[in-house]
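Asks: Take a look at the following structure, please.
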Amino acid sequence: KVLSDVNIKIIGYEDNFLSVKKYRELKNKLNSIKLKPMRGLIEDCRKIKEKKEIKLLKKAAEIGDRAYNHILEYIKPRISELDVAMELDYFIRSNGDGEVSFDTIVASGSNSAIPHSEPSVKRIEEGDVVVLDFGAVSGGYHSDMTRTVGMGKIDEKLKTIYDLAYRALQNAINSLKPGLKGKDVDRLVRSIIEKEGYGKYFFHNTGHGIGLDVHESPKLSSLEGDKLQENMVITIEPGIYLPEYGGVRIENMILIKKTGCEVLTKSPEKLILL
């Protein structure tokens, strides 16, 4: 009634996120009003963060760093992935908004070769690497970080691919600035891994924007043409996954600044052996 009273003819909607069910409901209720898809409009508005948003994102990242420090004391041989995930979740919920940013990943041994492995009852063993991917929420804003740790003495090949992922991450961080395209950032990371012959084992996007959702624009992939701008907050997450053997991933949250960047994830990036 309100819409018809003010003679609204067209209403825009985000077709990337509106379900078919909700679209049909709106169509039936709005009758003669035309629904026009406005793909990307809201996402574009959210790409560049305001000062208050950056403050909340930094707080969420800080909670993530504290959670990582906490869990390093908790992980022991013979503890299950599920136990570690639940402890991480409890710490994050207790110190943030009472929720986690996304389903926590704890993947050990051969499970670490699966990028989105779900925590299981598998017990963490000596010689395993353990991928920890998790995030907190502060004031509605999300964090996202990944670290990989080793349990005691690990294979040299695992150390090699970890060092490679680390070098790929640093290559991007050292070059980040406004004006770079998403595909440029992807190339900075992927080229390092490909040069050593592991390109086919890095098979997901290099990173993404983050804010009110854990995955937002801009995307950092080989196809992405969007340019980085000052006050965007992104993640970069190089990973190498060797099937049936093991994998590694490192992920930082990063604020794009006028002439460079600021890494918001403060936890050590070098391989930690527990």
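Here's how to read the names in the structure tokens: chain A, B, ... by the order shown, residue numbers from 1 in each chain, ligand numbers from 1 in the order shown.
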Write out as a Markdown table a residue-level contact list of region 123-204 of chain A versus region 92-95 of chain A with cut-off 12 Å: for each qualifying residue the closest pair of atoms and the distance in Å to one decimal, counting only C-alpha atoms, rows sorted by chain and residue number upward.
Replies:
```
| residue | atom | partner | partner_atom | distance |
| --- | --- | --- | --- | --- |
| A:Phe134 | CA | A:Ile92 | CA | 9.1 |
| A:Gly135 | CA | A:Ile92 | CA | 7.7 |
| A:Ala136 | CA | A:Ile92 | CA | 5.8 |
| A:Val137 | CA | A:Ile92 | CA | 8.1 |
| A:Ser138 | CA | A:Asn95 | CA | 9.0 |
| A:Gly139 | CA | A:Asn95 | CA | 11.8 |
| A:His142 | CA | A:Ile92 | CA | 11.5 |
| A:Ser143 | CA | A:Ile92 | CA | 10.7 |
| A:Asp144 | CA | A:Ile92 | CA | 11.9 |
```
Asks: What are the closest atom pairs, with distances in Å to one decimal, for each residue of region 68-183 of chain A lying within 12 Å of region 213-236 of chain A, using only C-alpha atoms, rows by chain and rising residue number, as a tab-separated table?
Replies:
```
residue	atom	partner	partner_atom	distance
A:Val100	CA	A:Val214	CA	10.3
A:Ser101	CA	A:Val214	CA	6.6
A:Phe102	CA	A:Val214	CA	7.4
A:Asp103	CA	A:Val214	CA	10.9
A:Phe134	CA	A:Val214	CA	10.5
A:Gly135	CA	A:Val214	CA	8.6
A:Ala136	CA	A:Val214	CA	9.8
A:Val137	CA	A:Val214	CA	9.5
A:Ser138	CA	A:Asp213	CA	11.8
A:Gly139	CA	A:Asp213	CA	11.9
A:Gly140	CA	A:Asp213	CA	8.5
A:Tyr141	CA	A:Asp213	CA	7.1
A:His142	CA	A:Val214	CA	5.7
A:Ser143	CA	A:Val214	CA	6.9
A:Asp144	CA	A:Val214	CA	7.0
A:Met145	CA	A:Thr235	CA	8.0
A:Thr146	CA	A:Ile236	CA	9.8
A:Ala165	CA	A:Ile236	CA	10.8
A:Tyr166	CA	A:Ile236	CA	11.0
A:Ala168	CA	A:Ile236	CA	9.8
A:Leu169	CA	A:Ile236	CA	7.0
A:Gln170	CA	A:Ile236	CA	9.9
A:Asn171	CA	A:Ile236	CA	10.9
A:Ala172	CA	A:Ile236	CA	8.2
A:Ile173	CA	A:Ile236	CA	8.6
A:Ser175	CA	A:Leu228	CA	11.8
A:Leu176	CA	A:Leu228	CA	8.5
A:Lys177	CA	A:Leu228	CA	7.0
A:Pro178	CA	A:Gln229	CA	4.6
A:Gly179	CA	A:Lys227	CA	5.2
A:Leu180	CA	A:Lys227	CA	5.3
A:Lys181	CA	A:Lys227	CA	4.1
A:Gly182	CA	A:Leu220	CA	4.3
A:Lys183	CA	A:Ser222	CA	4.5
```
Asks: With C-alpha atoms retained, export the selected residues as an mmCIF file, in the first residue's frame.
Replies:
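Output file out_4.cif is given in full below:
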```cif
data_model
loop_
_atom_site.group_PDB
_atom_site.id
_atom_site.type_symbol
_atom_site.label_atom_id
_atom_site.label_comp_id
_atom_site.auth_asym_id
_atom_site.auth_seq_id
_atom_site.Cartn_x
_atom_site.Cartn_y
_atom_site.Cartn_z
ATOM 1 C CA VAL A 100 31.932 -17.967 14.949
ATOM 2 C CA SER A 101 32.627 -16.401 11.573
ATOM 3 C CA PHE A 102 32.104 -19.723 9.742
ATOM 4 C CA ASP A 103 32.353 -23.456 10.423
ATOM 5 C CA PHE A 134 38.663 -20.100 11.796
ATOM 6 C CA GLY A 135 37.283 -16.644 12.509
ATOM 7 C CA ALA A 136 35.544 -14.448 15.057
ATOM 8 C CA VAL A 137 32.768 -11.857 14.871
ATOM 9 C CA SER A 138 32.863 -8.393 16.463
ATOM 10 C CA GLY A 139 29.960 -6.001 16.070
ATOM 11 C CA GLY A 140 28.731 -8.065 13.133
ATOM 12 C CA TYR A 141 32.081 -7.963 11.312
ATOM 13 C CA HIS A 142 33.972 -11.157 10.545
ATOM 14 C CA SER A 143 37.563 -12.298 10.686
ATOM 15 C CA ASP A 144 39.197 -15.179 8.818
ATOM 16 C CA MET A 145 42.645 -16.636 9.392
ATOM 17 C CA THR A 146 44.447 -19.897 8.700
ATOM 18 C CA ALA A 165 53.108 -21.114 0.671
ATOM 19 C CA TYR A 166 54.786 -18.679 3.063
ATOM 20 C CA ALA A 168 53.898 -16.865 -1.976
ATOM 21 C CA LEU A 169 52.014 -14.998 0.750
ATOM 22 C CA GLN A 170 54.914 -12.639 1.406
ATOM 23 C CA ASN A 171 55.351 -11.941 -2.302
ATOM 24 C CA ALA A 172 51.784 -10.663 -2.444
ATOM 25 C CA ILE A 173 51.913 -8.711 0.830
ATOM 26 C CA SER A 175 53.374 -5.755 -3.470
ATOM 27 C CA LEU A 176 49.835 -4.914 -2.335
ATOM 28 C CA LYS A 177 48.601 -1.395 -3.059
ATOM 29 C CA PRO A 178 45.597 0.356 -4.576
ATOM 30 C CA GLY A 179 45.255 -0.174 -8.322
ATOM 31 C CA LEU A 180 46.240 -3.832 -8.444
ATOM 32 C CA LYS A 181 43.563 -6.057 -9.949
ATOM 33 C CA GLY A 182 42.325 -9.206 -8.264
ATOM 34 C CA LYS A 183 44.004 -11.262 -10.977
#
```
Asks: Considering only C-alpha atoms, can you say which of A:Met38, A:Leu273, A:Ile114, A:Ile8 comes closest to Lys76 (chain A)?
Replies: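 The answer is A:Leu273, which sits nearest to Lys76 (chain A).
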Asks: Report, in Å to a single decimal, how far apart CA of Phe91 (chain A) and CA of Gly246 (chain A) are.
Replies: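 Calculated distance between CA of Gly246 (chain A) and CA of Phe91 (chain A) is 27.0 Å.
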Asks: Residues of region 49-223 of chain A in strand (DSSP E or B) according to DSSP, as a PyMOL selection string?
Replies: chain A and resi 80+100+105-108+123+129-134+136-138+141-142+145-150+181+207-209+216-220
Asks: Go ahead and dump the residues you just picked, N, CA and C atoms, as a compact mmCIF listing (two decimals), in the first residue's frame.
Replies:
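Dumped to part-v4.txt:
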```
# COMPACT_ATOMS: atom_id res chain seq x y z
N SER A 80 41.46 -35.29 19.43
CA SER A 80 40.75 -35.36 18.14
C SER A 80 40.61 -33.98 17.50
N VAL A 100 30.71 -17.83 15.75
CA VAL A 100 31.93 -17.97 14.95
C VAL A 100 31.67 -17.40 13.56
N ILE A 105 37.51 -25.08 10.65
CA ILE A 105 38.20 -26.21 10.02
C ILE A 105 39.40 -26.61 10.87
N VAL A 106 39.45 -27.87 11.25
CA VAL A 106 40.63 -28.47 11.87
C VAL A 106 40.90 -29.74 11.10
N ALA A 107 42.01 -29.78 10.36
CA ALA A 107 42.29 -30.91 9.47
C ALA A 107 43.72 -31.38 9.68
N SER A 108 43.87 -32.64 10.05
CA SER A 108 45.21 -33.17 10.35
C SER A 108 45.56 -34.34 9.44
N ARG A 123 42.18 -38.69 15.43
CA ARG A 123 43.10 -38.17 16.44
C ARG A 123 44.37 -37.64 15.78
N VAL A 129 50.68 -32.59 10.08
CA VAL A 129 50.44 -31.15 10.08
C VAL A 129 48.96 -30.95 10.37
N VAL A 130 48.63 -29.84 11.00
CA VAL A 130 47.24 -29.54 11.35
C VAL A 130 46.89 -28.16 10.78
N VAL A 131 45.91 -28.13 9.89
CA VAL A 131 45.42 -26.88 9.32
C VAL A 131 44.28 -26.36 10.19
N LEU A 132 44.41 -25.12 10.65
CA LEU A 132 43.41 -24.47 11.50
C LEU A 132 42.89 -23.25 10.75
N ASP A 133 41.61 -23.27 10.38
CA ASP A 133 41.00 -22.18 9.63
C ASP A 133 39.75 -21.75 10.39
N PHE A 134 39.73 -20.51 10.88
CA PHE A 134 38.66 -20.10 11.80
C PHE A 134 38.53 -18.58 11.80
N ALA A 136 36.40 -15.00 14.01
CA ALA A 136 35.54 -14.45 15.06
C ALA A 136 34.63 -13.39 14.46
N VAL A 137 33.68 -12.92 15.28
CA VAL A 137 32.77 -11.86 14.87
C VAL A 137 32.77 -10.78 15.95
N SER A 138 32.90 -9.52 15.53
CA SER A 138 32.86 -8.39 16.46
C SER A 138 31.97 -7.30 15.88
N TYR A 141 31.02 -7.87 12.32
CA TYR A 141 32.08 -7.96 11.31
C TYR A 141 32.97 -9.18 11.57
N HIS A 142 33.34 -9.84 10.48
CA HIS A 142 33.97 -11.16 10.55
C HIS A 142 35.49 -11.09 10.38
N MET A 145 41.20 -16.38 9.41
CA MET A 145 42.65 -16.64 9.39
C MET A 145 42.90 -18.13 9.31
N THR A 146 44.03 -18.49 8.75
CA THR A 146 44.45 -19.90 8.70
C THR A 146 45.91 -19.99 9.09
N ARG A 147 46.20 -20.97 9.91
CA ARG A 147 47.57 -21.32 10.24
C ARG A 147 47.71 -22.84 10.17
N THR A 148 48.91 -23.29 9.83
CA THR A 148 49.22 -24.71 9.80
C THR A 148 50.36 -24.96 10.77
N VAL A 149 50.18 -25.92 11.65
CA VAL A 149 51.22 -26.26 12.62
C VAL A 149 51.63 -27.72 12.43
N GLY A 150 52.84 -28.04 12.87
CA GLY A 150 53.33 -29.41 12.78
C GLY A 150 53.39 -30.04 14.17
N LYS A 181 44.78 -5.29 -9.70
CA LYS A 181 43.56 -6.06 -9.95
C LYS A 181 43.60 -7.36 -9.16
N GLY A 207 42.07 -15.38 -2.67
CA GLY A 207 41.53 -14.65 -1.52
C GLY A 207 40.21 -13.99 -1.83
N HIS A 208 39.77 -13.15 -0.89
CA HIS A 208 38.44 -12.54 -1.00
C HIS A 208 38.33 -11.35 -0.06
N GLY A 209 37.34 -10.51 -0.34
CA GLY A 209 37.01 -9.45 0.59
C GLY A 209 36.32 -10.03 1.81
N GLU A 216 33.17 -11.65 0.70
CA GLU A 216 32.58 -10.50 0.02
C GLU A 216 33.45 -10.13 -1.18
N SER A 217 32.98 -9.16 -1.93
CA SER A 217 33.81 -8.58 -2.99
C SER A 217 34.90 -7.74 -2.33
N PRO A 218 36.08 -7.64 -2.96
CA PRO A 218 36.45 -8.18 -4.26
C PRO A 218 36.95 -9.62 -4.15
N LYS A 219 36.84 -10.34 -5.25
CA LYS A 219 37.45 -11.66 -5.33
C LYS A 219 38.89 -11.53 -5.81
N LEU A 220 39.73 -12.42 -5.34
CA LEU A 220 41.11 -12.47 -5.81
C LEU A 220 41.29 -13.79 -6.53
```
Asks: Please provide as a count of residues only all residues within 9 Å of Gly247 (chain A), with the sequence filter that same-chain residues fewer than 4 positions apart are discarded (counting only C-alpha atoms).
Replies: 20
Asks: Go ahead and compute the interatomic distance for CA of Asn252 (chain A) and CA of Ser267 (chain A), in Å to one decimal.
Replies: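 The value is 9.0 Å.
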Asks: So which bits of region 97-144 of chain A end up helix (DSSP H, G or I) when you DSSP the backbone, as a list in words?
Replies: Gly109, Ser110, Asn111, Ser112 and Ala113 of chain A
Asks: Those residues with C-alpha atoms, as a compact mmCIF listing (two decimals), in the first residue's frame please?
Replies:
```txt
# COMPACT_ATOMS: atom_id res chain seq x y z
CA GLY A 109 47.32 -35.74 8.53
CA SER A 110 45.88 -36.65 5.13
CA ASN A 111 42.74 -34.63 5.96
CA SER A 112 44.87 -31.49 5.64
CA ALA A 113 44.98 -32.13 1.87
```
Asks: Could you state the separation of CA of Ile48 (chain A) and CA of Glu62 (chain A) in Å, given to one decimal place?
Replies: 20.4 Å
